[in-house]
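work11.txt follows (compact mmCIF, C-alpha atoms):
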# COMPACT_ATOMS: atom_id res chain seq x y z
CA MET F 1 1.21 37.24 -2.77
CA ARG F 2 0.72 36.86 -6.51
CA PRO F 3 -1.76 34.22 -7.81
CA TRP F 4 0.89 31.98 -9.43
CA LYS F 5 2.85 31.90 -6.15
CA LEU F 6 -0.30 30.86 -4.31
CA LEU F 7 -0.81 28.09 -6.87
CA ALA F 8 2.80 26.95 -6.42
CA LYS F 9 2.30 26.87 -2.63
CA ALA F 10 -0.91 24.87 -3.09
CA ASP F 11 0.89 22.38 -5.35
CA GLN F 12 3.69 22.03 -2.80
CA TRP F 13 1.17 21.50 0.03
CA GLU F 14 -0.71 18.87 -2.02
CA SER F 15 2.56 17.08 -2.82
CA GLU F 16 3.55 17.05 0.84
CA MET F 17 0.14 15.71 1.85
CA ARG F 18 0.46 12.95 -0.74
CA THR F 19 3.90 12.03 0.59
CA ARG F 20 2.56 12.06 4.14
CA ARG F 21 -0.20 9.58 3.21
CA GLN F 22 1.85 7.36 0.91
CA ALA F 23 4.98 6.94 3.05
CA PRO F 24 3.43 4.71 5.78
CA ILE F 25 1.67 2.60 3.12
CA GLY F 26 4.99 2.13 1.37
CA VAL F 27 6.69 1.13 4.64
CA ALA F 28 3.93 -1.42 5.37
CA LEU F 29 3.98 -3.00 1.89
CA LEU F 30 7.76 -3.13 1.53
CA SER F 31 8.36 -4.62 4.98
CA LEU F 32 5.54 -7.14 4.50
CA ALA F 33 6.92 -8.24 1.10
CA ILE F 34 10.42 -8.77 2.52
CA TYR F 35 9.21 -10.51 5.67
CA ALA F 36 6.86 -12.80 3.73
CA ALA F 37 9.57 -13.75 1.22
CA THR F 38 11.99 -14.70 4.02
CA ARG F 39 9.54 -16.26 6.50
CA TYR F 40 9.79 -19.74 8.00
CA ARG F 41 7.75 -22.27 6.03
CA GLY F 42 8.22 -24.95 8.68
CA VAL F 43 8.44 -25.01 12.47
CA PRO F 44 11.30 -22.91 13.90
CA GLY F 45 13.07 -23.69 17.16
CA GLY F 46 12.32 -22.19 20.56
CA ASP F 47 8.75 -21.64 21.73
CA SER F 48 7.35 -21.35 18.22
CA GLY F 49 6.41 -25.03 17.88
CA GLU F 50 4.41 -24.99 21.11
CA LEU F 51 2.67 -21.73 20.19
CA MET F 52 1.78 -23.13 16.77
CA SER F 53 0.37 -26.34 18.21
CA MET F 54 -1.75 -24.41 20.73
CA ALA F 55 -3.04 -22.11 17.97
CA CYS F 56 -4.02 -25.21 15.96
CA ALA F 57 -5.59 -27.06 18.91
CA GLY F 58 -7.05 -24.05 20.73
CA GLY F 59 -5.12 -24.73 23.94
CA VAL F 60 -3.13 -22.68 26.46
CA PRO F 61 0.64 -22.27 25.89
CA HIS F 62 3.29 -21.76 28.58
CA PRO F 63 2.89 -18.96 31.17
CA PRO F 64 1.48 -16.35 31.09
CA GLY F 65 -0.74 -17.98 28.44
CA TYR F 66 -0.57 -15.47 25.55
CA PRO F 67 -4.34 -15.48 24.91
CA ILE F 68 -4.35 -12.80 22.19
CA LEU F 69 -1.71 -14.53 20.08
CA THR F 70 -3.34 -17.94 20.48
CA MET F 71 -6.83 -16.69 19.57
CA LEU F 72 -5.44 -14.59 16.72
CA GLY F 73 -3.50 -17.56 15.36
CA ARG F 74 -6.49 -19.89 15.59
CA SER F 75 -8.75 -17.34 13.85
CA TRP F 76 -6.13 -16.78 11.14
CA LEU F 77 -5.95 -20.50 10.40
CA ALA F 78 -9.75 -20.62 10.18
CA VAL F 79 -9.96 -17.84 7.55
CA THR F 80 -6.90 -18.71 5.42
CA PRO F 81 -7.19 -21.57 2.91
CA SER F 82 -4.81 -24.52 2.99
CA ILE F 83 -3.67 -23.58 -0.53
CA MET F 84 -1.65 -20.81 1.16
CA GLY F 85 0.57 -23.45 2.72
CA SER F 86 0.90 -25.53 5.85
CA PRO F 87 -0.42 -24.22 9.19
CA ALA F 88 3.18 -23.39 10.17
CA SER F 89 3.72 -21.33 6.99
CA ARG F 90 0.40 -19.50 7.40
CA LEU F 91 1.08 -18.69 11.05
CA SER F 92 4.51 -17.33 10.09
CA LEU F 93 2.76 -15.15 7.50
CA LEU F 94 0.56 -13.79 10.30
CA SER F 95 3.72 -12.75 12.16
CA CYS F 96 4.94 -11.06 8.97
CA ILE F 97 1.74 -8.97 8.91
CA LEU F 98 2.11 -8.07 12.59
CA GLY F 99 5.76 -7.18 12.00
CA SER F 100 4.94 -4.94 9.02
CA LEU F 101 2.26 -3.14 11.05
CA SER F 102 4.81 -2.66 13.82
CA ALA F 103 7.23 -1.11 11.30
CA THR F 104 4.45 1.20 10.07
CA PHE F 105 3.54 2.49 13.53
CA PHE F 106 7.24 2.82 14.33
CA PHE F 107 7.63 4.96 11.20
CA LEU F 108 4.71 7.17 12.26
CA ALA F 109 6.21 7.53 15.76
CA ALA F 110 9.66 8.36 14.37
CA ARG F 111 8.28 10.91 11.89
CA LEU F 112 6.26 12.60 14.62
CA SER F 113 9.14 12.67 17.10
CA SER F 114 11.58 14.12 14.54
CA SER F 115 9.26 16.83 13.19
CA SER F 116 8.74 20.26 14.72
CA SER F 117 5.81 22.65 14.66
CA SER F 118 7.63 24.94 12.24
CA SER F 119 8.41 22.13 9.81
CA SER F 120 6.67 21.38 6.55
CA LEU F 121 4.01 18.69 6.36
CA SER F 122 6.43 16.09 5.04
CA SER F 123 9.05 16.97 7.64
CA GLY F 124 10.71 13.93 9.13
CA SER F 125 9.61 11.51 6.41
CA TRP F 126 12.99 10.66 4.89
CA GLU F 127 14.96 10.40 8.11
CA SER F 128 12.08 8.37 9.56
CA VAL F 129 12.18 5.97 6.59
CA LEU F 130 15.89 5.41 7.27
CA ALA F 131 15.30 4.98 11.02
CA THR F 132 12.49 2.51 10.29
CA SER F 133 14.77 0.56 7.94
CA PHE F 134 17.33 0.22 10.73
CA TYR F 135 14.60 -1.00 13.10
CA ALA F 136 12.55 -3.25 10.80
CA PHE F 137 15.53 -4.98 9.20
CA SER F 138 17.78 -5.29 12.22
CA PRO F 139 18.59 -9.01 12.70
CA LEU F 140 16.47 -9.47 15.84
CA THR F 141 13.34 -7.71 14.54
CA TRP F 142 13.60 -9.37 11.14
CA THR F 143 14.04 -12.84 12.65
CA TYR F 144 11.05 -12.61 14.98
CA SER F 145 8.84 -10.98 12.32
CA THR F 146 9.16 -14.09 10.15
CA GLN F 147 8.15 -16.80 12.64
CA PHE F 148 5.11 -17.36 14.85
CA GLU F 149 6.28 -15.96 18.17
CA VAL F 150 5.00 -13.54 20.81
CA PHE F 151 7.53 -10.86 19.93
CA SER F 152 6.07 -9.62 16.63
CA LEU F 153 2.77 -8.90 18.40
CA ASN F 154 4.63 -7.27 21.29
CA ASN F 155 6.53 -5.09 18.81
CA LEU F 156 3.23 -4.00 17.25
CA LEU F 157 1.62 -3.15 20.60
CA SER F 158 4.67 -1.23 21.86
CA SER F 159 4.92 0.66 18.53
CA CYS F 160 1.26 1.66 18.86
CA ILE F 161 1.74 2.80 22.45
CA LEU F 162 4.82 4.83 21.52
CA TYR F 163 3.10 6.42 18.52
CA PHE F 164 0.00 7.48 20.43
CA SER F 165 2.07 8.69 23.40
CA ILE F 166 4.21 10.87 21.13
CA ARG F 167 1.11 12.11 19.32
CA TYR F 168 -0.48 13.09 22.63
CA PHE F 169 2.62 15.05 23.65
CA LYS F 170 2.70 16.78 20.27
CA HIS F 171 -1.03 17.53 19.79
CA ASN F 172 -2.68 16.95 23.19
CA GLU F 173 -5.70 15.19 21.64
CA ALA F 174 -8.16 14.32 24.41
CA TRP F 175 -9.18 10.87 23.10
CA ILE F 176 -5.67 9.40 23.02
CA PRO F 177 -5.28 8.53 26.76
CA PHE F 178 -8.52 6.53 26.65
CA LEU F 179 -7.33 4.50 23.65
CA GLY F 180 -3.98 4.20 25.42
CA ALA F 181 -5.59 2.75 28.56
CA PHE F 182 -7.18 -0.01 26.47
CA LEU F 183 -3.90 -0.67 24.63
CA CYS F 184 -2.06 -0.92 27.96
CA GLY F 185 -4.43 -3.62 29.19
CA LEU F 186 -4.31 -5.43 25.85
CA SER F 187 -0.51 -5.37 25.71
CA LEU F 188 -0.27 -7.01 29.14
CA CYS F 189 -2.20 -9.98 27.69
CA ASN F 190 0.83 -10.74 25.55
CA GLN F 191 4.28 -9.86 26.94
CA HIS F 192 4.58 -8.69 30.55
CA THR F 193 7.88 -6.88 29.94
CA ILE F 194 5.89 -4.15 28.20
CA ALA F 195 5.00 -2.96 31.73
CA LEU F 196 8.53 -1.51 31.88
CA LEU F 197 7.58 0.76 28.97
CA LEU F 198 4.36 1.82 30.69
CA ILE F 199 5.97 2.71 34.04
CA PRO F 200 7.30 6.10 32.81
CA LEU F 201 4.81 6.70 29.98
CA VAL F 202 1.61 6.53 32.06
CA PRO F 203 2.71 9.16 34.66
CA GLY F 204 4.11 11.27 31.80
CA VAL F 205 0.75 11.31 30.02
CA ILE F 206 -1.06 12.17 33.28
CA VAL F 207 1.31 15.10 33.88
CA GLN F 208 0.87 16.23 30.26
CA SER F 209 -2.92 16.26 30.76
CA GLU F 210 -2.46 18.83 33.59
CA GLY F 211 -4.69 16.82 35.90
CA THR F 212 -7.71 16.41 33.63
CA LEU F 213 -7.23 12.63 33.53
CA LEU F 214 -7.45 12.47 37.33
CA LYS F 215 -10.98 13.84 37.43
CA PRO F 216 -13.39 11.15 38.75
CA PHE F 217 -15.25 10.45 35.49
CA SER F 218 -12.07 10.39 33.38
CA LEU F 219 -10.24 8.21 35.90
CA PHE F 220 -13.17 5.76 36.10
CA THR F 221 -13.31 5.54 32.29
CA LEU F 222 -9.56 4.93 32.07
CA VAL F 223 -9.73 2.11 34.63
CA LEU F 224 -12.72 0.58 32.83
CA LEU F 225 -10.94 0.65 29.47
CA PHE F 226 -7.77 -0.80 30.99
CA ALA F 227 -9.82 -3.65 32.48
CA ALA F 228 -11.50 -4.19 29.10
CA GLY F 229 -8.06 -4.61 27.56
CA LEU F 230 -7.36 -7.46 30.01
CA LEU F 231 -10.50 -9.41 29.01
CA PRO F 232 -8.63 -11.84 26.68
CA TYR F 233 -7.34 -13.57 29.83
CA VAL F 234 -10.86 -15.02 30.17
CA TYR F 235 -9.70 -17.40 27.41
CA LEU F 236 -7.49 -19.29 29.90
CA PRO F 237 -10.18 -20.63 32.31
CA LEU F 238 -12.62 -21.21 29.44
CA VAL F 239 -10.17 -23.48 27.61
CA SER F 240 -8.96 -25.16 30.81
CA ALA F 241 -12.46 -26.40 31.55
CA SER F 242 -11.96 -28.89 28.68
CA PRO F 243 -8.32 -28.62 27.59
CA PRO F 244 -6.98 -30.16 24.37
CA LEU F 245 -3.93 -32.41 24.38
CA GLY F 246 -0.79 -30.44 25.17
CA SER F 247 -2.54 -27.50 26.88
CA TRP F 248 -0.45 -26.18 29.77
CA GLY F 249 -1.72 -26.46 33.36
CA GLY F 250 -5.20 -25.90 34.73
CA GLN F 251 -6.50 -22.34 34.91
CA ASP F 252 -10.09 -23.23 35.77
CA THR F 253 -9.42 -22.45 39.46
CA TRP F 254 -8.31 -19.11 40.90
CA GLU F 255 -5.08 -20.67 42.18
CA GLY F 256 -4.28 -22.23 38.82
CA PHE F 257 -5.20 -19.05 36.94
CA PHE F 258 -2.97 -16.77 39.00
CA ARG F 259 -0.17 -19.34 39.06
CA HIS F 260 -0.15 -19.27 35.25
CA LEU F 261 -0.67 -15.52 34.96
CA PHE F 262 2.25 -14.68 37.28
CA ARG F 263 4.55 -17.36 35.81
CA LYS F 264 5.18 -19.09 39.13
CA GLU F 265 6.68 -22.13 37.38
CA TYR F 266 9.48 -19.89 36.13
CA GLY F 267 9.57 -17.56 39.10
CA THR F 268 7.60 -14.32 38.99
CA PHE F 269 9.80 -11.42 37.79
CA GLN F 270 12.48 -13.89 36.69
CA LEU F 271 13.46 -15.63 33.46
CA TYR F 272 15.01 -18.74 34.92
CA THR F 273 14.39 -21.34 37.62
CA THR F 274 16.36 -24.38 38.70
CA GLY F 275 13.13 -26.36 38.91
CA SER F 276 13.54 -27.43 42.53
CA PRO F 277 11.21 -30.12 43.94
CA THR F 278 9.07 -27.50 45.63
CA GLY F 279 8.72 -25.59 42.35
CA ASP F 280 10.29 -22.45 43.82
CA ALA F 281 12.80 -20.39 41.88
CA GLU F 282 15.99 -20.84 43.89
CA VAL F 283 18.51 -19.16 41.67
CA ALA F 284 21.00 -17.12 43.63
CA PHE F 285 22.15 -14.16 41.58
CA ASP F 286 23.74 -10.80 42.04
CA ALA F 287 21.47 -8.11 40.58
CA LEU F 288 24.30 -5.60 40.18
CA SER F 289 26.52 -8.14 38.47
CA ASN F 290 23.65 -9.09 36.15
CA LEU F 291 22.93 -5.46 35.39
CA ARG F 292 26.52 -4.68 34.49
CA ARG F 293 27.15 -7.83 32.43
CA GLN F 294 23.90 -7.85 30.51
CA THR F 295 23.85 -4.11 29.82
CA LEU F 296 27.29 -4.42 28.22
CA MET F 297 25.96 -7.34 26.18
CA PHE F 298 23.02 -5.19 25.08
CA LEU F 299 25.28 -2.31 24.02
CA ARG F 300 27.51 -4.63 22.00
CA ASN F 301 24.44 -6.18 20.41
CA PHE F 302 23.02 -2.73 19.60
CA SER F 303 26.16 -1.89 17.67
CA THR F 304 25.86 -5.02 15.54
CA GLU F 305 22.08 -4.72 15.14
CA ALA F 306 22.48 -1.15 13.94
CA MET F 307 25.57 -1.65 11.73
CA TYR F 308 27.87 0.11 14.21
CA GLY F 309 27.20 3.70 13.10
CA ALA F 310 23.67 4.02 14.48
CA PRO F 311 24.58 4.38 18.20
CA ILE F 312 26.39 7.62 17.36
CA LEU F 313 23.36 8.88 15.42
CA CYS F 314 21.10 7.90 18.34
CA ALA F 315 23.28 9.91 20.72
CA MET F 316 22.99 12.86 18.30
CA GLY F 317 19.21 12.37 18.29
CA VAL F 318 19.06 12.51 22.10
CA ALA F 319 21.20 15.68 22.05
CA GLU F 320 19.02 17.22 19.33
CA LEU F 321 15.80 16.63 21.29
CA MET F 322 17.40 17.82 24.52
CA ARG F 323 18.53 20.98 22.73
CA GLU F 324 14.87 21.63 21.93
CA ARG F 325 14.09 21.11 25.65
CA SER F 326 11.67 18.38 24.74
CA ALA F 327 9.85 16.71 27.63
CA LEU F 328 9.21 13.86 25.23
CA ALA F 329 12.95 13.21 24.92
CA VAL F 330 13.27 12.91 28.70
CA LEU F 331 10.32 10.51 28.79
CA LEU F 332 11.63 8.26 25.99
CA LEU F 333 15.13 8.23 27.44
CA SER F 334 13.69 7.40 30.88
CA SER F 335 11.74 4.51 29.35
CA LEU F 336 14.90 3.14 27.78
CA LEU F 337 16.96 3.42 30.98
CA ILE F 338 14.21 1.98 33.20
CA TYR F 339 13.86 -1.03 30.92
CA LEU F 340 17.60 -1.71 30.81
CA ILE F 341 18.08 -1.29 34.56
CA VAL F 342 15.04 -3.22 35.79
CA PHE F 343 15.06 -5.99 33.20
CA HIS F 344 18.78 -6.68 33.40
CA SER F 345 18.66 -6.67 37.20
CA LEU F 346 15.91 -9.32 37.20
CA ALA F 347 16.98 -11.38 34.17
CA ASN F 348 18.74 -14.10 36.15
CA LEU F 349 19.86 -16.30 33.26
CA PRO F 350 23.15 -18.14 33.80
CA GLU F 351 26.28 -16.71 32.21
CA ASP F 352 26.33 -19.15 29.33
CA ASP F 353 26.29 -18.68 25.54
CA PHE F 354 23.40 -21.15 25.37
CA TYR F 355 21.09 -18.64 27.09
CA ARG F 356 22.16 -15.56 25.11
CA PRO F 357 19.52 -15.99 22.33
CA ILE F 358 16.85 -16.28 25.02
CA LEU F 359 17.99 -13.02 26.59
CA SER F 360 18.43 -11.16 23.30
CA ARG F 361 14.76 -11.67 22.33
CA PHE F 362 13.80 -9.28 25.11
CA TRP F 363 16.08 -6.56 23.73
CA MET F 364 13.72 -5.68 20.87
CA GLN F 365 11.67 -3.38 23.11
CA PRO F 366 14.61 -1.20 24.27
CA LEU F 367 16.06 -1.34 20.75
CA GLN F 368 12.78 0.10 19.50
CA LEU F 369 13.23 3.06 21.86
CA ALA F 370 16.87 3.50 20.88
CA PHE F 371 16.05 3.42 17.14
CA LEU F 372 13.44 6.15 17.70
CA PHE F 373 16.31 8.56 18.43
CA LEU F 374 17.78 7.82 15.00
CA ALA F 375 15.26 10.06 13.21
CA PRO F 376 16.15 13.32 15.04
CA GLY F 377 19.82 12.29 14.82
CA LEU F 378 19.55 11.99 11.05
CA ARG F 379 17.63 15.28 10.92
CA PHE F 380 20.59 16.91 12.68
CA VAL F 381 23.06 15.41 10.20
CA PHE F 382 20.94 16.50 7.19
CA ARG F 383 20.74 20.02 8.56
CA ILE F 384 24.54 20.20 8.94
CA MET F 385 24.96 18.90 5.39
CA GLU F 386 22.56 21.52 4.03
CA LYS F 387 24.41 24.32 5.83
CA SER F 388 27.79 23.14 4.57
CA SER F 389 26.51 22.97 0.97
CA ASP F 390 25.20 26.56 1.03
Re-express the file's structure as structure tokens.
Amino acid sequence: MRPWKLLAKADQWESEMRTRRQAPIGVALLSLAIYAATRYRGVPGGDSGELMSMACAGGVPHPPGYPILTMLGRSWLAVTPSIMGSPASRLSLLSCILGSLSATFFFLAARLSSSSSSSSLSSGSWESVLATSFYAFSPLTWTYSTQFEVFSLNNLLSSCILYFSIRYFKHNEAWIPFLGAFLCGLSLCNQHTIALLLIPLVPGVIVQSEGTLLKPFSLFTLVLLFAAGLLPYVYLPLVSASPPLGSWGGQDTWEGFFRHLFRKEYGTFQLYTTGSPTGDAEVAFDALSNLRRQTLMFLRNFSTEAMYGAPILCAMGVAELMRERSALAVLLLSSLLIYLIVFHSLANLPEDDFYRPILSRFWMQPLQLAFLFLAPGLRFVFRIMEKSSD
């Protein structure tokens, strides 16, 4: 190859590397600017007021306690000056930061899932930017990234888990499962529904490791790191020893701790309880009927969240990854289906429009998986357009 061609290749490689570094920074800054400009300055409805008050007072919110969010919120208030606004406004800004980080890790996951080994360094960047825009500015994600709620942190943790899982499948880096074990434990300190994401991903990573993770030392280290991720739950009994006004329950005994952890007031593995005198969840419901009704609601919501055209692109993305015989595609699709089936079977909310916003908040996690398929779907469309223009 002639020298000037080598120089041209070097310039192209440098440009692609610059794009690869700058794109996630751009995603983070743009999403943060939009979230911050549209955030709640006061106290929103729902659980946000209680979570804000517990972050201010250093108490324990409703089950399962959300220790990471509470400690993070309290620390954020301690380091941010009052000139930045009221505690409510500052806590909403914290959610904006968590939401923008979630969008950034989602972008990295989408770019990695849509690129192939034969692609250029910047492969997947533009379709991933579009996929991230659909995800980050969908009504549900946008709403809960601008108020102090548990869902922006859950979105960040699930985005991280998805990114590192995809990276492990693509590059088989030995350190990733150990970081993943810690993230799994940490994520369960916030939103328990993330366990439905872990059910297929954890066995998939073990299979991908070809048994190396099951060796005694590796297995012991993974368990230790997972347990370390659960340590924030120590916050509950520590606070309950001398609880502030408004703190929920008493977790300074084993019975009280596990009652709070497993959400027995609501009914473990349920969203709704009638609040009978014995405190038991006595809601009779048909799991199959729930599954059918709420899955249809999710699909209709997905169409509106994604401006109607995205479901077709997602289907194209699934087909594109399946065409490449990607084990990752099977794993991500399994994660989506497991979440929809298990969650909608157990989500025993009454069939009433009043409860629909409560249900829809839990759709952000499966929507995140569905939006991941947008990037390979867009890659497929771009490739067809390039061929037709030649």
Hey, what's within 8 Å of Phe262 of chain F if we count only C-alpha atoms and toss same-chain stuff fewer than 3 positions away? As a VMD selection string, please?
chain F and resid 63 to 64 258 to 259 268
When you draw a straight line from atom CA of Met364 of chain F to atom CA of Ser159 of chain F, how long is it in Å?
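Computing the Euclidean distance for atom CA of Met364 of chain F and atom CA of Ser159 of chain F yields 11.1 Å.
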Would you mind listing what lies within 12 Å of Ser53 of chain F as a PyMOL selection string, with all atoms listed in the file counted and same-chain residues fewer than 3 positions away left out?
chain F and resi 43+47-50+56-62+70+73-74+77+87-88+91+148-149+244-248
Write out as a list in words which residues come within 6 Å of Ala110 of chain F when counting only C-alpha atoms, dropping same-chain ones fewer than 3 positions away.
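Non-adjacent residues within range: Phe107, Ser113, Ser128, Leu372 and Ala375 of chain F.
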With C-alpha atoms retained, could you export that selection as a CSV table (one decimal), in the frame of the given file?
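Result file part.csv:
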chain,number,residue,atom,x,y,z
F,107,PHE,CA,7.6,5.0,11.2
F,113,SER,CA,9.1,12.7,17.1
F,128,SER,CA,12.1,8.4,9.6
F,372,LEU,CA,13.4,6.2,17.7
F,375,ALA,CA,15.3,10.1,13.2
Students should find that atom CA of Arg39 of chain F and atom CA of Ile25 of chain F are spaced 20.7 Å
Rank F:Ser345, F:Ser165, F:Ser303, F:Gln251 by their smallest atom-to-atom distance to Ala327 of chain F, using all atoms listed in the file, and report the top residue only.
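The closest residue to Ala327 of chain F is F:Ser165.
Among the candidates F:Leu72, F:Trp363, F:Gly256, F:Leu225, the residue lying nearest to Thr193 of chain F is F:Trp363 (atoms considered: all atoms listed in the file).
Nearest to Phe182 of chain F of all the residues F:Phe169, F:Phe226, F:Phe151, F:Trp254 is F:Phe226, based on only C-alpha atoms.
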Within 10 Å of file point (11.7, 10.4, 10.7), counting all atoms listed in the file, expressed as a ChimeraX atom specification
/F:106-115,122-132,372-379
One decimal, in Å: what's the spacing between atom CA of Pro200 of chain F and atom CA of Pro366 of chain F?
13.4 Å
List the neighbours of Gln191 of chain F out to 10 Å using all atoms listed in the file; skip same-chain residues closer than 2 positions along the sequence, and give me the result as an MDAnalysis selection string.
chainID F and resid 64:66 150:151 153:155 157 186:189 193:195 362
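Distance check against Phe302 of chain F using all atoms listed in the file: of F:Leu214, F:Ile97, F:Ile341, F:Ala370, the minimum falls on F:Ala370.
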Which residues are close to Leu101 of chain F, i.e. within 9 Å by all atoms listed in the file, leaving aside same-chain residues fewer than 4 positions away? Reply as a PDB file with C-alpha atoms, in the coordinates of the input.
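For reference, around-v3.pdb as written:
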ATOM      1  CA  VAL F  27       6.690   1.130   4.640  1.00  0.00           C
ATOM      2  CA  ALA F  28       3.930  -1.420   5.370  1.00  0.00           C
ATOM      3  CA  SER F  31       8.360  -4.620   4.980  1.00  0.00           C
ATOM      4  CA  LEU F  32       5.540  -7.140   4.500  1.00  0.00           C
ATOM      5  CA  CYS F  96       4.940 -11.060   8.970  1.00  0.00           C
ATOM      6  CA  ILE F  97       1.740  -8.970   8.910  1.00  0.00           C
ATOM      7  CA  PHE F 105       3.540   2.490  13.530  1.00  0.00           C
ATOM      8  CA  PHE F 106       7.240   2.820  14.330  1.00  0.00           C
ATOM      9  CA  LEU F 156       3.230  -4.000  17.250  1.00  0.00           C
ATOM     10  CA  SER F 159       4.920   0.660  18.530  1.00  0.00           C
TER      11      SER F 159
END
Calculated over all atoms listed in the file, which of the candidates F:Gly229, F:Pro44, F:Pro350, F:Pro139 has the smallest distance to Gly180 of chain F?
F:Gly229
Could you give me the centre and size, in Å to one decimal, of an axis-aligned box around all listed atoms of segment 40-48 of chain F with 3 Å added on every side, as lines of an AutoDock Vina configuration file?
center_x = 10.2
center_y = -22.4
center_z = 13.9
size_x = 11.7
size_y = 11.3
size_z = 21.7
Using all atoms listed in the file, can you tell me which of F:Leu332, F:Ala315, F:Arg361, F:Leu346 comes closest to Val381 of chain F?
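Counting all atoms listed in the file, the residue closest to Val381 of chain F is F:Ala315.
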